[in-house]
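Note sheet for the following structure.
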Amino acid sequence: MSAPLTRLPGTGRAPAAEHMTDVTLDDVLEELAEGKADCFDTYDECAVLAGKARKLRDALAELAEELAVSHNVIGRFFSAAMARLSESMERVARKAEAMRGESLTAAESVETAHDAMHDAYRPVQQATADAGLYTPSARIHNED
(Lines give C-alpha, C1' and ligand atoms only; values in the text may rest on other atoms or scores of the structure.)
Protein backbone atom coordinates (compact mmCIF):
# COMPACT_ATOMS: atom_id res chain seq x y z
CA MET A 1 0.00 0.00 0.00
CA SER A 2 1.09 3.60 0.37
CA ALA A 3 3.52 5.26 2.74
CA PRO A 4 2.18 6.60 6.03
CA LEU A 5 0.19 9.81 5.65
CA THR A 6 1.89 12.95 6.99
CA ARG A 7 -0.39 15.65 5.57
CA LEU A 8 -4.03 15.60 4.55
CA PRO A 9 -4.09 16.26 0.79
CA GLY A 10 -5.34 19.71 -0.15
CA THR A 11 -5.37 20.99 3.42
CA GLY A 12 -1.71 21.34 4.33
CA ARG A 13 -2.68 20.02 7.77
CA ALA A 14 -1.66 16.78 9.43
CA PRO A 15 -4.21 14.49 11.05
CA ALA A 16 -4.39 14.66 14.83
CA ALA A 17 -1.37 13.00 16.47
CA GLU A 18 -3.45 10.19 17.97
CA HIS A 19 -4.38 9.11 14.44
CA MET A 20 -0.81 8.95 13.14
CA THR A 21 1.25 5.78 12.88
CA ASP A 22 4.21 4.48 10.96
CA VAL A 23 2.74 0.99 10.98
CA THR A 24 0.79 -0.15 7.94
CA LEU A 25 -1.42 -3.18 7.53
CA ASP A 26 0.89 -4.52 4.85
CA ASP A 27 3.87 -4.18 7.19
CA VAL A 28 2.10 -6.15 9.90
CA LEU A 29 0.91 -8.84 7.51
CA GLU A 30 4.42 -9.16 6.07
CA GLU A 31 5.94 -9.51 9.56
CA LEU A 32 3.39 -12.17 10.45
CA ALA A 33 4.16 -14.08 7.25
CA GLU A 34 7.89 -13.91 8.04
CA GLY A 35 7.18 -15.10 11.58
CA LYS A 36 5.29 -18.09 10.23
CA ALA A 37 8.19 -18.93 7.92
CA ASP A 38 10.58 -18.66 10.87
CA CYS A 39 8.41 -21.08 12.84
CA PHE A 40 8.54 -23.61 10.01
CA ASP A 41 12.32 -23.17 9.76
CA THR A 42 12.58 -23.89 13.48
CA TYR A 43 10.35 -26.93 13.02
CA ASP A 44 12.78 -28.32 10.42
CA GLU A 45 15.88 -27.40 12.44
CA CYS A 46 14.53 -29.17 15.51
CA ALA A 47 14.15 -32.40 13.53
CA VAL A 48 17.77 -32.13 12.42
CA LEU A 49 18.91 -31.38 15.98
CA ALA A 50 17.03 -34.39 17.39
CA GLY A 51 18.59 -36.63 14.76
CA LYS A 52 22.10 -35.35 15.44
CA ALA A 53 21.69 -35.72 19.19
CA ARG A 54 20.59 -39.34 18.80
CA LYS A 55 23.43 -40.00 16.38
CA LEU A 56 25.89 -38.61 18.94
CA ARG A 57 24.25 -40.68 21.69
CA ASP A 58 24.78 -43.82 19.60
CA ALA A 59 28.36 -42.84 18.76
CA LEU A 60 29.10 -42.37 22.46
CA ALA A 61 27.76 -45.84 23.22
CA GLU A 62 29.96 -47.32 20.46
CA LEU A 63 32.98 -45.38 21.73
CA ALA A 64 32.43 -46.59 25.28
CA GLU A 65 32.17 -50.17 24.03
CA GLU A 66 35.32 -49.86 21.90
CA LEU A 67 37.30 -48.26 24.73
CA ALA A 68 36.22 -50.97 27.14
CA VAL A 69 36.91 -53.90 24.79
CA SER A 70 39.93 -52.70 22.81
CA HIS A 71 41.68 -50.40 25.27
CA ASN A 72 40.62 -51.74 28.66
CA VAL A 73 39.14 -48.36 29.64
CA ILE A 74 36.69 -49.48 32.29
CA GLY A 75 35.56 -48.40 35.71
CA ARG A 76 32.72 -46.79 37.58
CA PHE A 77 33.63 -43.19 36.82
CA PHE A 78 34.19 -43.76 33.13
CA SER A 79 31.00 -45.81 32.76
CA ALA A 80 28.99 -43.23 34.70
CA ALA A 81 30.41 -40.36 32.63
CA MET A 82 29.61 -42.07 29.34
CA ALA A 83 26.11 -42.94 30.57
CA ARG A 84 25.50 -39.31 31.58
CA LEU A 85 26.68 -38.06 28.20
CA SER A 86 24.39 -40.51 26.41
CA GLU A 87 21.45 -39.56 28.63
CA SER A 88 22.15 -35.89 27.96
CA MET A 89 21.98 -36.44 24.22
CA GLU A 90 18.69 -38.29 24.61
CA ARG A 91 17.32 -35.37 26.66
CA VAL A 92 18.46 -32.94 23.95
CA ALA A 93 16.69 -35.07 21.34
CA ARG A 94 13.46 -35.18 23.36
CA LYS A 95 13.57 -31.41 23.98
CA ALA A 96 14.17 -30.80 20.27
CA GLU A 97 11.17 -32.96 19.41
CA ALA A 98 9.05 -31.04 21.94
CA MET A 99 10.26 -27.74 20.45
CA ARG A 100 9.37 -29.07 17.03
CA GLY A 101 5.78 -29.56 18.08
CA GLU A 102 5.68 -26.16 19.78
CA SER A 103 7.06 -24.42 16.70
CA LEU A 104 4.35 -26.03 14.56
CA THR A 105 1.73 -24.80 17.03
CA ALA A 106 3.31 -21.34 16.90
CA ALA A 107 3.21 -21.34 13.09
CA GLU A 108 -0.48 -22.20 13.17
CA SER A 109 -1.14 -19.42 15.70
CA VAL A 110 0.74 -16.85 13.63
CA GLU A 111 -1.16 -17.93 10.52
CA THR A 112 -4.45 -17.55 12.40
CA ALA A 113 -3.44 -14.06 13.56
CA HIS A 114 -2.39 -13.12 10.01
CA ASP A 115 -5.67 -14.29 8.52
CA ALA A 116 -7.76 -12.64 11.26
CA MET A 117 -5.95 -9.33 10.85
CA HIS A 118 -6.27 -9.49 7.07
CA ASP A 119 -9.97 -10.33 7.25
CA ALA A 120 -10.68 -7.63 9.84
CA TYR A 121 -8.69 -4.73 8.39
CA ARG A 122 -8.32 -5.25 4.63
CA PRO A 123 -12.04 -4.59 3.93
CA VAL A 124 -11.88 -1.39 6.00
CA GLN A 125 -8.78 -0.31 4.11
CA GLN A 126 -10.42 -1.07 0.76
CA ALA A 127 -13.66 0.68 1.71
CA THR A 128 -11.67 3.73 2.79
CA ALA A 129 -9.87 3.83 -0.54
CA ASP A 130 -13.11 3.22 -2.48
CA ALA A 131 -14.72 6.15 -0.65
CA GLY A 132 -11.82 8.42 -1.61
CA LEU A 133 -10.75 8.85 2.00
CA TYR A 134 -7.19 8.86 3.25
CA THR A 135 -7.90 7.41 6.68
CA PRO A 136 -10.92 5.47 7.88
CA SER A 137 -13.22 7.00 10.40
CA ALA A 138 -12.76 5.63 13.88
CA ARG A 139 -15.59 3.27 14.81
CA ILE A 140 -16.48 5.41 17.81
CA HIS A 141 -17.43 8.23 15.42
CA ASN A 142 -20.01 5.97 13.79
CA GLU A 143 -21.65 4.55 16.89
CA ASP A 144 -25.02 5.85 18.07
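Please note that chains go A, B, ... in the order of the C-alpha coordinates, that every chain numbers its residues from 1, and that ligands are numbered from 1 in the order shown.
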Per residue of range 70-118 of chain A within 10 Å of range 55-66 of chain A, what are the shortest atom pair and its distance in Å to one decimal, counting only C-alpha atoms, with rows by chain and residue number, as a tab-separated table?
residue	atom	partner	partner_atom	distance
A:Ser70	CA	A:Glu66	CA	5.5
A:His71	CA	A:Glu66	CA	7.2
A:Asn72	CA	A:Glu66	CA	8.8
A:Val73	CA	A:Ala64	CA	8.2
A:Ile74	CA	A:Ala64	CA	8.7
A:Phe78	CA	A:Ala64	CA	8.5
A:Ser79	CA	A:Ala64	CA	7.7
A:Ala81	CA	A:Ala64	CA	9.8
A:Met82	CA	A:Ala64	CA	6.7
A:Ala83	CA	A:Ala61	CA	8.1
A:Leu85	CA	A:Arg57	CA	7.4
A:Ser86	CA	A:Arg57	CA	4.7
A:Glu87	CA	A:Arg57	CA	7.6
A:Ser88	CA	A:Arg57	CA	8.2
A:Met89	CA	A:Arg57	CA	5.4
A:Glu90	CA	A:Arg57	CA	6.7
A:Val92	CA	A:Arg57	CA	9.9
A:Ala93	CA	A:Arg57	CA	9.4
Could the residues in this selection be saved with all heavy atoms as a tab-separated table (two decimals), in the first residue's frame?
chain	number	residue	atom	x	y	z
A	70	SER	N	38.62	-52.77	23.49
A	70	SER	CA	39.93	-52.70	22.81
A	70	SER	C	41.02	-52.04	23.62
A	70	SER	O	42.21	-52.26	23.36
A	70	SER	CB	39.78	-51.94	21.49
A	70	SER	OG	38.86	-52.58	20.65
A	71	HIS	N	40.66	-51.17	24.56
A	71	HIS	CA	41.68	-50.40	25.27
A	71	HIS	C	41.61	-50.56	26.78
A	71	HIS	O	42.32	-49.84	27.50
A	71	HIS	CB	41.57	-48.92	24.88
A	71	HIS	CG	41.67	-48.70	23.41
A	71	HIS	ND1	42.87	-48.77	22.73
A	71	HIS	CD2	40.72	-48.44	22.48
A	71	HIS	CE1	42.65	-48.55	21.45
A	71	HIS	NE2	41.35	-48.34	21.27
A	72	ASN	N	40.75	-51.44	27.24
A	72	ASN	CA	40.62	-51.74	28.66
A	72	ASN	C	40.32	-50.49	29.50
A	72	ASN	O	40.79	-50.35	30.62
A	72	ASN	CB	41.87	-52.46	29.18
A	72	ASN	CG	41.59	-53.21	30.46
A	72	ASN	OD1	40.47	-53.64	30.69
A	72	ASN	ND2	42.61	-53.36	31.29
A	73	VAL	N	39.57	-49.55	28.90
A	73	VAL	CA	39.14	-48.36	29.64
A	73	VAL	C	37.81	-48.71	30.29
A	73	VAL	O	36.76	-48.74	29.63
A	73	VAL	CB	39.01	-47.12	28.73
A	73	VAL	CG1	38.53	-45.92	29.52
A	73	VAL	CG2	40.33	-46.84	28.04
A	74	ILE	N	37.88	-49.04	31.56
A	74	ILE	CA	36.69	-49.48	32.29
A	74	ILE	C	36.68	-48.79	33.65
A	74	ILE	O	37.65	-48.16	34.04
A	74	ILE	CB	36.66	-51.02	32.45
A	74	ILE	CG1	37.96	-51.50	33.12
A	74	ILE	CG2	36.46	-51.70	31.12
A	74	ILE	CD1	37.98	-52.97	33.45
A	78	PHE	N	34.26	-43.82	34.59
A	78	PHE	CA	34.19	-43.76	33.13
A	78	PHE	C	32.80	-44.19	32.65
A	78	PHE	O	32.17	-43.51	31.83
A	78	PHE	CB	35.27	-44.64	32.49
A	78	PHE	CG	35.13	-44.72	30.99
A	78	PHE	CD1	35.51	-43.65	30.19
A	78	PHE	CD2	34.61	-45.85	30.38
A	78	PHE	CE1	35.37	-43.71	28.82
A	78	PHE	CE2	34.47	-45.92	29.01
A	78	PHE	CZ	34.85	-44.86	28.22
A	79	SER	N	32.32	-45.30	33.16
A	79	SER	CA	31.00	-45.81	32.76
A	79	SER	C	29.90	-44.81	33.10
A	79	SER	O	29.00	-44.56	32.30
A	79	SER	CB	30.72	-47.15	33.43
A	79	SER	OG	31.64	-48.12	32.99
A	81	ALA	N	30.27	-41.55	33.48
A	81	ALA	CA	30.41	-40.36	32.63
A	81	ALA	C	29.82	-40.61	31.24
A	81	ALA	O	29.10	-39.76	30.69
A	81	ALA	CB	31.87	-39.95	32.53
A	82	MET	N	30.13	-41.75	30.67
A	82	MET	CA	29.61	-42.07	29.34
A	82	MET	C	28.08	-42.22	29.37
A	82	MET	O	27.39	-41.78	28.45
A	82	MET	CB	30.26	-43.34	28.79
A	82	MET	CG	31.75	-43.17	28.49
A	82	MET	SD	32.12	-41.82	27.36
A	82	MET	CE	31.72	-42.57	25.80
A	83	ALA	N	27.57	-42.80	30.44
A	83	ALA	CA	26.11	-42.94	30.57
A	83	ALA	C	25.46	-41.57	30.68
A	83	ALA	O	24.42	-41.32	30.06
A	83	ALA	CB	25.77	-43.80	31.78
A	85	LEU	N	26.61	-38.71	29.51
A	85	LEU	CA	26.68	-38.06	28.20
A	85	LEU	C	25.60	-38.61	27.26
A	85	LEU	O	24.93	-37.84	26.56
A	85	LEU	CB	28.07	-38.27	27.57
A	85	LEU	CG	29.19	-37.42	28.13
A	85	LEU	CD1	30.54	-37.90	27.59
A	85	LEU	CD2	28.97	-35.95	27.81
A	86	SER	N	25.42	-39.91	27.26
A	86	SER	CA	24.39	-40.51	26.41
A	86	SER	C	23.00	-40.06	26.83
A	86	SER	O	22.16	-39.73	25.98
A	86	SER	CB	24.48	-42.04	26.48
A	86	SER	OG	25.66	-42.48	25.85
A	87	GLU	N	22.75	-40.02	28.12
A	87	GLU	CA	21.45	-39.56	28.63
A	87	GLU	C	21.21	-38.10	28.27
A	87	GLU	O	20.09	-37.71	27.92
A	87	GLU	CB	21.38	-39.75	30.15
A	87	GLU	CG	21.29	-41.20	30.59
A	87	GLU	CD	21.50	-41.38	32.08
A	87	GLU	OE1	21.63	-40.36	32.81
A	87	GLU	OE2	21.54	-42.54	32.52
A	88	SER	N	22.27	-37.31	28.33
A	88	SER	CA	22.15	-35.89	27.96
A	88	SER	C	21.73	-35.74	26.50
A	88	SER	O	20.88	-34.90	26.17
A	88	SER	CB	23.46	-35.15	28.20
A	88	SER	OG	23.76	-35.10	29.57
A	89	MET	N	22.33	-36.52	25.64
A	89	MET	CA	21.98	-36.44	24.22
A	89	MET	C	20.54	-36.89	23.99
A	89	MET	O	19.84	-36.32	23.15
A	89	MET	CB	22.94	-37.27	23.37
A	89	MET	CG	24.34	-36.69	23.29
A	89	MET	SD	24.36	-34.99	22.65
A	89	MET	CE	24.55	-34.04	24.15
A	90	GLU	N	20.08	-37.87	24.73
A	90	GLU	CA	18.69	-38.29	24.61
A	90	GLU	C	17.75	-37.18	25.09
A	90	GLU	O	16.72	-36.92	24.47
A	90	GLU	CB	18.44	-39.59	25.38
A	90	GLU	CG	17.03	-40.11	25.28
A	90	GLU	CD	16.54	-40.36	23.86
A	90	GLU	OE1	17.36	-40.70	22.96
A	90	GLU	OE2	15.33	-40.19	23.61
A	92	VAL	N	18.42	-33.97	25.00
A	92	VAL	CA	18.46	-32.94	23.95
A	92	VAL	C	17.52	-33.34	22.81
A	92	VAL	O	16.76	-32.51	22.31
A	92	VAL	CB	19.91	-32.74	23.43
A	92	VAL	CG1	19.92	-31.92	22.14
A	92	VAL	CG2	20.77	-32.07	24.49
A	93	ALA	N	17.56	-34.60	22.43
A	93	ALA	CA	16.69	-35.07	21.34
A	93	ALA	C	15.22	-34.93	21.71
A	93	ALA	O	14.41	-34.46	20.90
A	93	ALA	CB	17.02	-36.52	20.99
Residue contacts of Thr42 in chain A (10 Å, only C-alpha atoms) excluding same-chain residues fewer than 5 positions away, as a list in words
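Near Thr42 in chain A, the qualifying residues are Lys36, Ala37, Ala47, Val48, Ala96, Met99, Arg100, Gly101, Glu102, Ser103, Leu104 and Ala107 of chain A.
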Grab the CA of Ala16 in chain A to CA of Gln125 in chain A distance for me, in Å with one decimal place.
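Atom-to-atom, CA of Ala16 in chain A and CA of Gln125 in chain A are spaced 18.9 Å apart.
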Rounded to one decimal in Å, what is the spacing between CA of Asp38 in chain A and CA of Ala98 in chain A?
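Going from CA of Asp38 in chain A over to CA of Ala98 in chain A covers 16.7 Å.
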Using Å and a single decimal, report how far CA of Arg84 in chain A sits from CA of Asp44 in chain A.
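These two atoms are separated by 27.0 Å.
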Nearest to Asp119 in chain A: which of A:Arg76, A:Ala131, A:Leu25, A:Arg54 is it, counting only C-alpha atoms?
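Distance minimum relative to Asp119 in chain A lands on A:Leu25.
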Residue with smallest distance to Pro123 in chain A - pool A:Pro136, A:Leu67, A:Thr21, A:Arg91, counting only C-alpha atoms:
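Under the stated criterion, the closest residue is A:Pro136.
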Enumerate, as a ChimeraX atom specification, the complete set of residues in chain A that a backbone-based DSSP assignment places in helix (DSSP H, G or I).
/A:17-19,25-71,76-130,139-142
Choose the residue, out of A:Ala33, A:Ala129, A:Thr24, A:Ala17, that has the smallest atom-to-atom separation from His114 in chain A; count only C-alpha atoms.
A:Ala33
